[in-house]
>>> print(open('upload-v5.txt').read())   # compact mmCIF, C-alpha atoms
# COMPACT_ATOMS: atom_id res chain seq x y z
CA MET A 1 -33.72 -12.06 -4.63
CA SER A 2 -33.35 -12.29 -0.86
CA SER A 3 -31.73 -9.63 1.30
CA ASN A 4 -29.02 -12.15 2.22
CA THR A 5 -28.19 -12.59 -1.46
CA ASN A 6 -28.08 -8.84 -1.94
CA ALA A 7 -25.72 -8.54 1.02
CA GLY A 8 -23.46 -11.15 -0.58
CA LEU A 9 -23.25 -9.15 -3.79
CA PHE A 10 -21.76 -6.21 -1.88
CA ALA A 11 -19.60 -8.21 0.55
CA LEU A 12 -16.37 -6.87 -0.98
CA GLY A 13 -17.40 -3.25 -0.60
CA ASP A 14 -16.00 -0.76 1.91
CA ALA A 15 -15.36 2.98 2.13
CA LEU A 16 -12.74 2.85 -0.65
CA GLY A 17 -14.59 0.74 -3.22
CA PRO A 18 -14.95 -1.11 -5.44
CA ALA A 19 -16.65 1.36 -7.74
CA LYS A 20 -17.54 -1.37 -10.25
CA ILE A 21 -17.32 -5.12 -10.66
CA VAL A 22 -18.07 -6.13 -14.24
CA TYR A 23 -18.45 -9.68 -15.55
CA LEU A 24 -17.73 -10.13 -19.26
CA HIS A 25 -18.94 -13.04 -21.39
CA THR A 26 -18.63 -13.42 -25.16
CA PRO A 27 -19.68 -17.02 -25.92
CA SER A 28 -18.68 -16.88 -29.61
CA VAL A 29 -14.98 -16.72 -28.70
CA GLY A 30 -15.15 -18.33 -25.25
CA LEU A 31 -14.38 -15.10 -23.39
CA ARG A 32 -15.04 -15.10 -19.65
CA ALA A 33 -13.48 -12.22 -17.77
CA ILE A 34 -13.90 -9.98 -14.74
CA VAL A 35 -12.97 -6.33 -14.30
CA VAL A 36 -12.80 -4.69 -10.87
CA ILE A 37 -12.50 -0.90 -10.93
CA ASP A 38 -11.79 -0.26 -7.29
CA ASN A 39 -11.30 3.49 -6.87
CA VAL A 40 -11.03 6.40 -9.31
CA ALA A 41 -10.64 9.32 -6.90
CA ALA A 42 -7.24 10.22 -8.34
CA GLY A 43 -8.21 9.64 -11.98
CA PRO A 44 -8.84 6.78 -14.42
CA ALA A 45 -7.75 3.48 -12.91
CA ILE A 46 -4.68 1.62 -14.15
CA GLY A 47 -4.39 -2.11 -13.49
CA GLY A 48 -3.00 -5.16 -15.23
CA THR A 49 -4.86 -7.83 -17.17
CA ARG A 50 -4.09 -11.30 -15.82
CA MET A 51 -4.78 -14.51 -17.74
CA ALA A 52 -4.97 -17.88 -15.98
CA PRO A 53 -7.42 -20.80 -15.90
CA ASP A 54 -8.17 -20.49 -12.18
CA VAL A 55 -8.67 -16.77 -11.55
CA SER A 56 -11.63 -15.55 -9.50
CA VAL A 57 -13.56 -12.43 -8.56
CA LEU A 58 -11.96 -12.45 -5.10
CA GLU A 59 -8.45 -12.60 -6.56
CA CYS A 60 -9.37 -9.83 -8.99
CA PHE A 61 -10.71 -7.63 -6.18
CA ARG A 62 -7.65 -8.20 -3.97
CA LEU A 63 -5.37 -7.29 -6.86
CA ALA A 64 -7.45 -4.21 -7.70
CA ARG A 65 -7.29 -3.04 -4.08
CA ALA A 66 -3.52 -3.54 -4.13
CA MET A 67 -3.43 -1.31 -7.21
CA THR A 68 -5.51 1.35 -5.46
CA LEU A 69 -3.06 1.40 -2.55
CA LYS A 70 -0.05 1.21 -4.86
CA ASN A 71 -1.13 4.12 -7.02
CA ALA A 72 -2.10 6.21 -3.99
CA ALA A 73 1.20 5.47 -2.23
CA CYS A 74 3.04 6.66 -5.34
CA SER A 75 0.84 9.78 -5.63
CA LEU A 76 -0.10 8.88 -9.20
CA ARG A 77 -2.99 10.56 -10.97
CA HIS A 78 -4.67 7.20 -11.37
CA GLY A 79 -6.95 4.98 -9.36
CA GLY A 80 -6.68 1.22 -8.98
CA ALA A 81 -8.24 -1.61 -10.98
CA LYS A 82 -7.55 -5.12 -12.23
CA SER A 83 -8.94 -7.54 -14.77
CA VAL A 84 -8.71 -11.29 -15.12
CA ILE A 85 -9.36 -13.47 -18.16
CA PHE A 86 -10.12 -17.16 -17.71
CA GLY A 87 -7.79 -19.06 -20.04
CA ASP A 88 -4.44 -20.74 -20.57
CA PRO A 89 -1.86 -18.07 -21.45
CA ALA A 90 0.08 -20.71 -23.38
CA MET A 91 -2.76 -21.20 -25.89
CA PRO A 92 -1.87 -20.81 -29.60
CA ARG A 93 -1.12 -17.21 -30.50
CA HIS A 94 -4.04 -16.78 -32.92
CA GLU A 95 -6.49 -18.01 -30.26
CA LYS A 96 -4.99 -15.72 -27.65
CA GLU A 97 -5.16 -12.73 -29.97
CA ARG A 98 -8.81 -13.42 -30.74
CA LEU A 99 -9.60 -13.69 -27.02
CA ILE A 100 -7.66 -10.55 -26.08
CA ARG A 101 -9.26 -8.53 -28.86
CA ALA A 102 -12.71 -9.70 -27.75
CA PHE A 103 -11.81 -8.65 -24.22
CA ALA A 104 -10.74 -5.23 -25.50
CA CYS A 105 -14.06 -4.73 -27.27
CA ALA A 106 -15.93 -5.79 -24.12
CA ILE A 107 -14.12 -3.21 -21.94
CA ALA A 108 -14.50 -0.38 -24.46
CA PRO A 109 -17.38 1.21 -22.47
CA LEU A 110 -15.33 1.10 -19.24
CA VAL A 111 -13.59 4.37 -20.02
CA ASP A 112 -12.28 4.76 -16.47
CA TYR A 113 -10.18 1.58 -16.81
CA ILE A 114 -6.74 1.48 -18.47
CA PRO A 115 -5.34 -2.07 -18.80
CA GLY A 116 -1.67 -3.05 -18.64
CA PRO A 117 0.36 -6.28 -18.84
CA ASP A 118 0.27 -8.81 -16.01
CA MET A 119 0.77 -12.55 -15.59
CA GLY A 120 -0.22 -14.26 -18.83
CA THR A 121 -0.23 -11.06 -20.92
CA ASP A 122 2.52 -8.87 -22.33
CA GLU A 123 3.33 -5.85 -24.50
CA LEU A 124 1.96 -7.56 -27.62
CA ALA A 125 -1.36 -8.20 -25.90
CA MET A 126 -1.52 -4.55 -24.85
CA GLY A 127 -0.85 -3.63 -28.47
CA TRP A 128 -3.90 -5.66 -29.53
CA ILE A 129 -6.03 -3.92 -26.90
CA HIS A 130 -4.77 -0.49 -27.93
CA ASP A 131 -5.49 -1.31 -31.57
CA GLU A 132 -9.11 -2.06 -30.65
CA ILE A 133 -9.94 0.73 -28.18
CA GLY A 134 -6.97 3.13 -28.12
CA ARG A 135 -6.29 2.73 -24.41
CA ALA A 136 -3.63 0.60 -22.70
CA VAL A 137 -0.20 1.01 -21.10
CA GLY A 138 2.90 -1.14 -21.37
CA LEU A 139 2.71 -0.93 -25.15
CA PRO A 140 5.41 -2.17 -27.53
CA ALA A 141 8.18 0.37 -28.10
CA GLU A 142 7.43 0.29 -31.84
CA ILE A 143 4.17 2.14 -31.25
CA GLY A 144 5.57 4.59 -28.73
CA GLY A 145 5.14 2.59 -25.53
CA ILE A 146 7.41 1.86 -22.61
CA PRO A 147 7.55 -1.96 -22.73
CA LEU A 148 7.28 -2.74 -19.02
CA ASN A 149 8.32 -6.38 -19.22
CA GLU A 150 11.13 -5.75 -21.70
CA ILE A 151 12.83 -3.09 -19.55
CA GLY A 152 11.99 -4.91 -16.32
CA ALA A 153 10.21 -1.96 -14.72
CA THR A 154 8.67 -3.93 -11.86
CA GLY A 155 11.82 -5.94 -11.21
CA PHE A 156 13.86 -2.74 -11.15
CA GLY A 157 11.55 -1.36 -8.47
CA VAL A 158 11.89 -4.57 -6.45
CA ALA A 159 15.68 -4.21 -6.56
CA ILE A 160 15.42 -0.56 -5.42
CA ALA A 161 13.14 -1.61 -2.54
CA ALA A 162 15.63 -4.30 -1.54
CA GLU A 163 18.51 -1.82 -1.66
CA VAL A 164 16.70 0.66 0.61
CA ALA A 165 15.36 -2.04 2.96
CA ALA A 166 18.61 -3.99 3.35
CA PRO A 167 20.12 -1.75 6.09
CA PHE A 168 16.86 -2.02 8.09
CA ALA A 169 17.46 -5.79 8.11
CA GLY A 170 21.16 -5.43 8.94
CA LEU A 171 22.18 -6.42 5.42
CA SER A 172 24.29 -5.18 2.54
CA LEU A 173 23.34 -6.15 -1.00
CA ASP A 174 26.97 -6.86 -1.77
CA GLY A 175 27.22 -10.61 -1.23
CA ALA A 176 23.59 -11.02 -0.12
CA ARG A 177 22.06 -14.43 -0.90
CA VAL A 178 18.76 -14.14 -2.77
CA VAL A 179 15.96 -16.63 -3.40
CA VAL A 180 13.31 -15.80 -6.02
CA GLN A 181 10.00 -17.61 -6.31
CA GLY A 182 8.87 -17.11 -9.90
CA PHE A 183 11.28 -16.48 -12.78
CA GLY A 184 8.87 -14.50 -14.93
CA ALA A 185 8.91 -10.85 -15.94
CA VAL A 186 9.34 -9.69 -12.32
CA GLY A 187 11.59 -12.40 -10.91
CA GLU A 188 14.01 -12.49 -13.82
CA HIS A 189 14.62 -8.76 -13.87
CA ALA A 190 14.73 -8.42 -10.09
CA SER A 191 17.42 -11.14 -10.05
CA ARG A 192 19.43 -9.34 -12.71
CA PHE A 193 19.21 -5.89 -11.11
CA LEU A 194 20.14 -7.31 -7.71
CA ALA A 195 23.11 -9.19 -9.20
CA LYS A 196 24.38 -5.88 -10.60
CA ARG A 197 24.34 -4.62 -7.01
CA GLY A 198 26.47 -7.53 -5.81
CA ALA A 199 23.79 -9.99 -4.67
CA ARG A 200 23.97 -13.71 -5.44
CA LEU A 201 21.00 -15.81 -6.60
CA VAL A 202 21.05 -19.10 -4.65
CA GLY A 203 17.54 -20.44 -5.28
CA VAL A 204 14.82 -19.96 -7.87
CA ALA A 205 11.58 -21.53 -8.99
CA ASP A 206 9.14 -21.34 -11.86
CA ILE A 207 5.84 -23.08 -12.43
CA ALA A 208 7.57 -26.30 -13.50
CA GLY A 209 10.41 -26.69 -10.99
CA ALA A 210 12.83 -25.29 -8.42
CA ILE A 211 16.61 -25.36 -7.95
CA SER A 212 19.23 -24.31 -5.43
CA ASN A 213 22.96 -23.71 -5.44
CA PRO A 214 24.58 -21.94 -2.46
CA ASP A 215 27.52 -20.95 -4.66
CA GLY A 216 25.29 -18.99 -7.02
CA ILE A 217 23.15 -19.45 -10.12
CA ASP A 218 23.99 -17.84 -13.47
CA ILE A 219 21.03 -15.63 -14.37
CA GLU A 220 21.97 -15.42 -18.05
CA VAL A 221 21.88 -19.22 -18.35
CA LEU A 222 18.46 -19.24 -16.70
CA THR A 223 17.26 -16.61 -19.16
CA GLU A 224 18.45 -18.70 -22.11
CA LEU A 225 16.59 -21.72 -20.72
CA LYS A 226 13.46 -19.59 -20.38
CA ARG A 227 13.74 -18.36 -23.96
CA ALA A 228 14.06 -21.97 -25.10
CA GLY A 229 10.82 -22.80 -23.33
CA LYS A 230 12.52 -24.84 -20.60
CA SER A 231 12.12 -24.78 -16.82
CA VAL A 232 14.74 -23.51 -14.40
CA SER A 233 15.01 -27.15 -13.31
CA ALA A 234 17.00 -27.78 -16.52
CA TYR A 235 19.82 -25.62 -15.15
CA PRO A 236 22.90 -27.91 -15.17
CA LYS A 237 24.78 -26.78 -12.06
CA ALA A 238 22.18 -26.83 -9.31
CA THR A 239 20.19 -29.20 -7.13
CA VAL A 240 16.59 -29.76 -8.15
CA ILE A 241 14.30 -29.37 -5.13
CA PRO A 242 10.55 -29.59 -4.55
CA GLY A 243 8.80 -26.29 -5.20
CA ASP A 244 7.51 -26.04 -1.65
CA ALA A 245 11.06 -26.43 -0.33
CA LEU A 246 12.07 -23.06 -1.76
CA VAL A 247 10.61 -21.22 1.24
CA SER A 248 13.03 -23.07 3.53
CA LEU A 249 16.26 -22.28 1.67
CA PRO A 250 18.77 -20.37 3.81
CA CYS A 251 19.24 -16.90 2.33
CA ASP A 252 19.30 -13.22 3.21
CA ILE A 253 16.52 -11.98 0.90
CA TRP A 254 13.46 -13.97 -0.17
CA ILE A 255 11.41 -12.58 -3.08
CA PRO A 256 7.95 -13.95 -3.89
CA ALA A 257 7.31 -13.08 -7.55
CA ALA A 258 4.50 -15.44 -8.58
CA ARG A 259 0.87 -15.96 -7.54
CA PRO A 260 -0.95 -14.67 -4.43
CA ASP A 261 -0.63 -16.24 -0.96
CA ALA A 262 2.82 -17.75 -1.41
CA LEU A 263 3.47 -17.04 2.27
CA ARG A 264 0.80 -18.33 4.65
CA ALA A 265 0.37 -19.34 8.28
CA ASP A 266 1.27 -22.93 7.38
CA ASN A 267 4.67 -22.15 5.82
CA VAL A 268 5.88 -18.72 6.95
CA ASP A 269 7.77 -20.14 9.94
CA ARG A 270 9.97 -22.06 7.50
CA LEU A 271 11.47 -18.84 6.12
CA ALA A 272 15.21 -18.68 6.76
CA CYS A 273 15.91 -15.09 5.74
CA LYS A 274 16.14 -11.57 7.17
CA LEU A 275 14.28 -9.67 4.46
CA VAL A 276 11.25 -10.39 2.25
CA VAL A 277 10.66 -8.08 -0.73
CA GLN A 278 7.28 -8.73 -2.28
CA GLY A 279 7.57 -8.80 -6.06
CA ALA A 280 4.19 -10.46 -6.59
CA ASN A 281 0.82 -8.94 -5.80
CA VAL A 282 -0.69 -10.03 -2.44
CA PRO A 283 1.89 -12.83 -1.96
CA ALA A 284 1.50 -12.91 1.84
CA THR A 285 -1.61 -13.41 3.93
CA LYS A 286 -2.33 -11.20 6.93
CA ASP A 287 -1.33 -14.07 9.23
CA ALA A 288 1.98 -14.41 7.42
CA GLU A 289 2.65 -10.67 7.67
CA ALA A 290 1.99 -10.76 11.41
CA ARG A 291 4.21 -13.78 11.92
CA MET A 292 7.12 -12.25 9.97
CA PHE A 293 6.84 -9.19 12.18
CA GLU A 294 6.92 -11.38 15.31
CA ARG A 295 10.01 -13.17 14.03
CA GLY A 296 11.86 -9.95 13.19
CA ILE A 297 11.82 -10.54 9.42
CA ILE A 298 11.54 -7.25 7.54
CA SER A 299 8.83 -7.51 4.86
CA VAL A 300 8.42 -4.81 2.21
CA PRO A 301 4.74 -4.95 1.13
CA ASP A 302 3.73 -5.62 -2.44
CA PHE A 303 2.17 -2.28 -3.26
CA ILE A 304 5.36 -0.56 -2.12
CA ALA A 305 7.98 -2.88 -3.63
CA ASN A 306 6.42 -3.82 -6.95
CA ALA A 307 5.07 -0.42 -8.00
CA GLY A 308 7.65 -0.03 -10.78
CA GLY A 309 5.35 -1.30 -13.51
CA VAL A 310 2.46 1.02 -12.79
CA ILE A 311 4.78 4.00 -12.29
CA ALA A 312 6.22 3.37 -15.74
CA GLY A 313 2.72 2.87 -17.12
CA ALA A 314 1.58 6.20 -15.70
CA VAL A 315 4.64 7.93 -17.16
CA GLU A 316 3.91 6.35 -20.54
CA TYR A 317 0.24 7.37 -20.39
CA GLY A 318 1.37 10.94 -19.72
CA GLY A 319 3.73 10.90 -22.72
CA GLY A 320 7.00 10.46 -20.79
CA SER A 321 10.09 8.51 -21.80
CA GLU A 322 11.72 5.33 -20.54
CA ALA A 323 14.47 7.35 -18.82
CA ILE A 324 11.87 9.44 -16.99
CA ALA A 325 10.05 6.26 -15.96
CA LEU A 326 13.16 4.62 -14.50
CA ALA A 327 14.06 7.79 -12.58
CA ALA A 328 10.50 7.99 -11.21
CA ILE A 329 10.62 4.34 -10.12
CA GLU A 330 13.88 4.84 -8.27
CA GLU A 331 12.61 7.97 -6.52
CA LYS A 332 9.07 6.81 -5.63
CA VAL A 333 9.81 3.18 -4.69
CA GLY A 334 12.91 4.17 -2.74
CA ARG A 335 11.11 6.92 -0.83
CA ASN A 336 8.04 4.81 -0.03
CA THR A 337 10.14 1.86 1.13
CA ARG A 338 12.02 4.12 3.52
CA LEU A 339 8.86 5.85 4.79
CA THR A 340 7.11 2.51 5.29
CA LEU A 341 9.91 0.94 7.29
CA GLU A 342 10.52 4.07 9.36
CA GLY A 343 6.79 4.27 10.07
CA ALA A 344 6.66 0.61 11.06
CA ILE A 345 9.54 1.05 13.49
CA ALA A 346 8.08 4.23 15.00
CA ALA A 347 4.63 2.68 15.53
CA HIS A 348 5.93 -0.84 16.28
CA VAL A 349 3.62 -2.39 13.69
CA PRO A 350 4.20 -4.68 10.70
CA PRO A 351 5.36 -2.83 7.57
CA ALA A 352 2.13 -3.85 5.82
CA VAL A 353 0.16 -1.89 8.40
CA ALA A 354 2.42 1.16 8.08
CA ALA A 355 2.26 1.01 4.28
CA THR A 356 -1.53 0.75 4.28
CA LYS A 357 -1.75 3.84 6.51
CA LEU A 358 0.63 5.71 4.19
CA ALA A 359 -1.49 4.87 1.14
CA THR A 360 -4.94 5.30 2.68
CA ASP A 361 -4.02 8.67 4.22
CA ARG A 362 -3.10 9.90 0.75
CA LEU A 363 -6.19 8.28 -0.78
CA HIS A 364 -8.58 9.86 1.70
CA LYS A 365 -7.11 13.27 0.89
CA MET A 366 -7.73 12.60 -2.80
CA MET A 367 -11.28 11.43 -2.13
CA LYS A 368 -12.09 14.63 -0.25
CA LEU A 369 -11.26 16.54 -3.43
CA LYS A 370 -13.49 14.31 -5.55
CA ARG A 371 -17.15 15.08 -6.16
CA TRP A 372 -18.73 11.63 -6.21
CA ARG A 373 -21.74 11.18 -8.49
>>> encode(input="upload-v5.txt", output="structure tokens")
Amino acid sequence: MSSNTNAGLFALGDALGPAKIVYLHTPSVGLRAIVVIDNVAAGPAIGGTRMAPDVSVLECFRLARAMTLKNAACSLRHGGAKSVIFGDPAMPRHEKERLIRAFACAIAPLVDYIPGPDMGTDELAMGWIHDEIGRAVGLPAEIGGIPLNEIGATGFGVAIAAEVAAPFAGLSLDGARVVVQGFGAVGEHASRFLAKRGARLVGVADIAGAISNPDGIDIEVLTELKRAGKSVSAYPKATVIPGDALVSLPCDIWIPAARPDALRADNVDRLACKLVVQGANVPATKDAEARMFERGIISVPDFIANAGGVIAGAVEYGGGSEAIALAAIEEKVGRNTRLTLEGAIAAHVPPAVAATKLATDRLHKMMKLKRWR
């Protein structure tokens, strides 16, 4: 193997990690998966398990690093990690269970990794993993877990971040127009929690379509469509629009809650909002973050705004209750949103830069206490 090839193998490495990148392959069940354990200075790493046909090691690493920063920013006793499984999450249930259980067996030796639900997986999948290896968070309530998707832990945190950030953008949530890209576990619950605070959903998209209605969209009707296996585009009282037109809809708050890189150099100038609250992981490129800052759009970074799920997971892992988890989300996400935006204003830098400094400062302090072997 050449030195250039060796250099390529470690191209993702820096002072923070990753500690391990593990490729998993079980041909008998068609399992192909990747686990990135980025940093364990604070303790065993928590990070979701994502299932999609087009995942990659780079996406897995970026998500793991976001988890490292997220957990450090929240001062959790856990490091950051992520795993991805190549597959269609809509596959028949028996096939998915077989694949998830094979994945669980493959990660059994990775004792410093604790999986949780993510895109394409849910509480039931975490139950299968826990049944195999006794370690997962976001478990079904029936076996003592705090079901992250069911209670909307991440979406609740996004709503708290929006509530704290709104005054920084000259907004009030009461009457604020909201656009949500992605009506999954995060987007649905963020929409609902924001509506309870007086906001109005005026645009939404899922993988199959997008709609807009400046007078408001009924979230309960959307939820019923989702439960029936239909797209938001089946909503009867809205205009169906192209998915890429969602970024241009006039609104006050725009929430990316789907896949990475939703906001990029080629579309960020089309935003017509005052505040972006990042519900998805790594939904904005560095160029997009810089451009939002130049335009005066307040952007709450992903590892600050969407930390609700991992906070609840950490509470569950420590034996805490749902009520304790929700209180911790409100306190930690609210505090970190405020500190991030105040730090960005004081240093005149994009919030993503201020948030990264907040998290890495805490992480470096943790690492100084760790005896690396």
>>> axis_aligned_box(input="upload-v5.txt", around="region 244-248 of chain A", padding_each_side="8 Å", output="lines of an AutoDock Vina configuration file")
center_x = 10.3
center_y = -23.8
center_z = 0.9
size_x = 21.5
size_y = 21.2
size_z = 21.3
>>> closest_residue(input="upload-v5.txt", among="A:Ala344, A:Val315, A:Ala19, A:Leu76", to="Tyr113 (chain A)", atoms="all atoms listed in the file")
A:Ala19
>>> residues_around(input="upload-v5.txt", residues="Gly120 (chain A)", least_positions_apart="6", cutoff="6 Å", atoms="only C-alpha atoms", output="VMD selection string")
chain A and resid 50 to 51 89
>>> atom_distance(input="upload-v5.txt", atom1="CA of Ala190 (chain A)", atom2="CA of Gly320 (chain A)")
23.0 Å
>>> atom_distance(input="upload-v5.txt", atom1="CA of Ala210 (chain A)", atom2="CA of Lys96 (chain A)")
27.9 Å
>>> closest_residue(input="upload-v5.txt", among="A:Ser248, A:Val158, A:Leu194, A:Glu188", to="Leu222 (chain A)", atoms="only C-alpha atoms")
A:Glu188
>>> closest_residue(input="upload-v5.txt", among="A:Arg270, A:Lys82, A:Arg62, A:Lys332", to="Met119 (chain A)", atoms="all atoms listed in the file")
A:Lys82
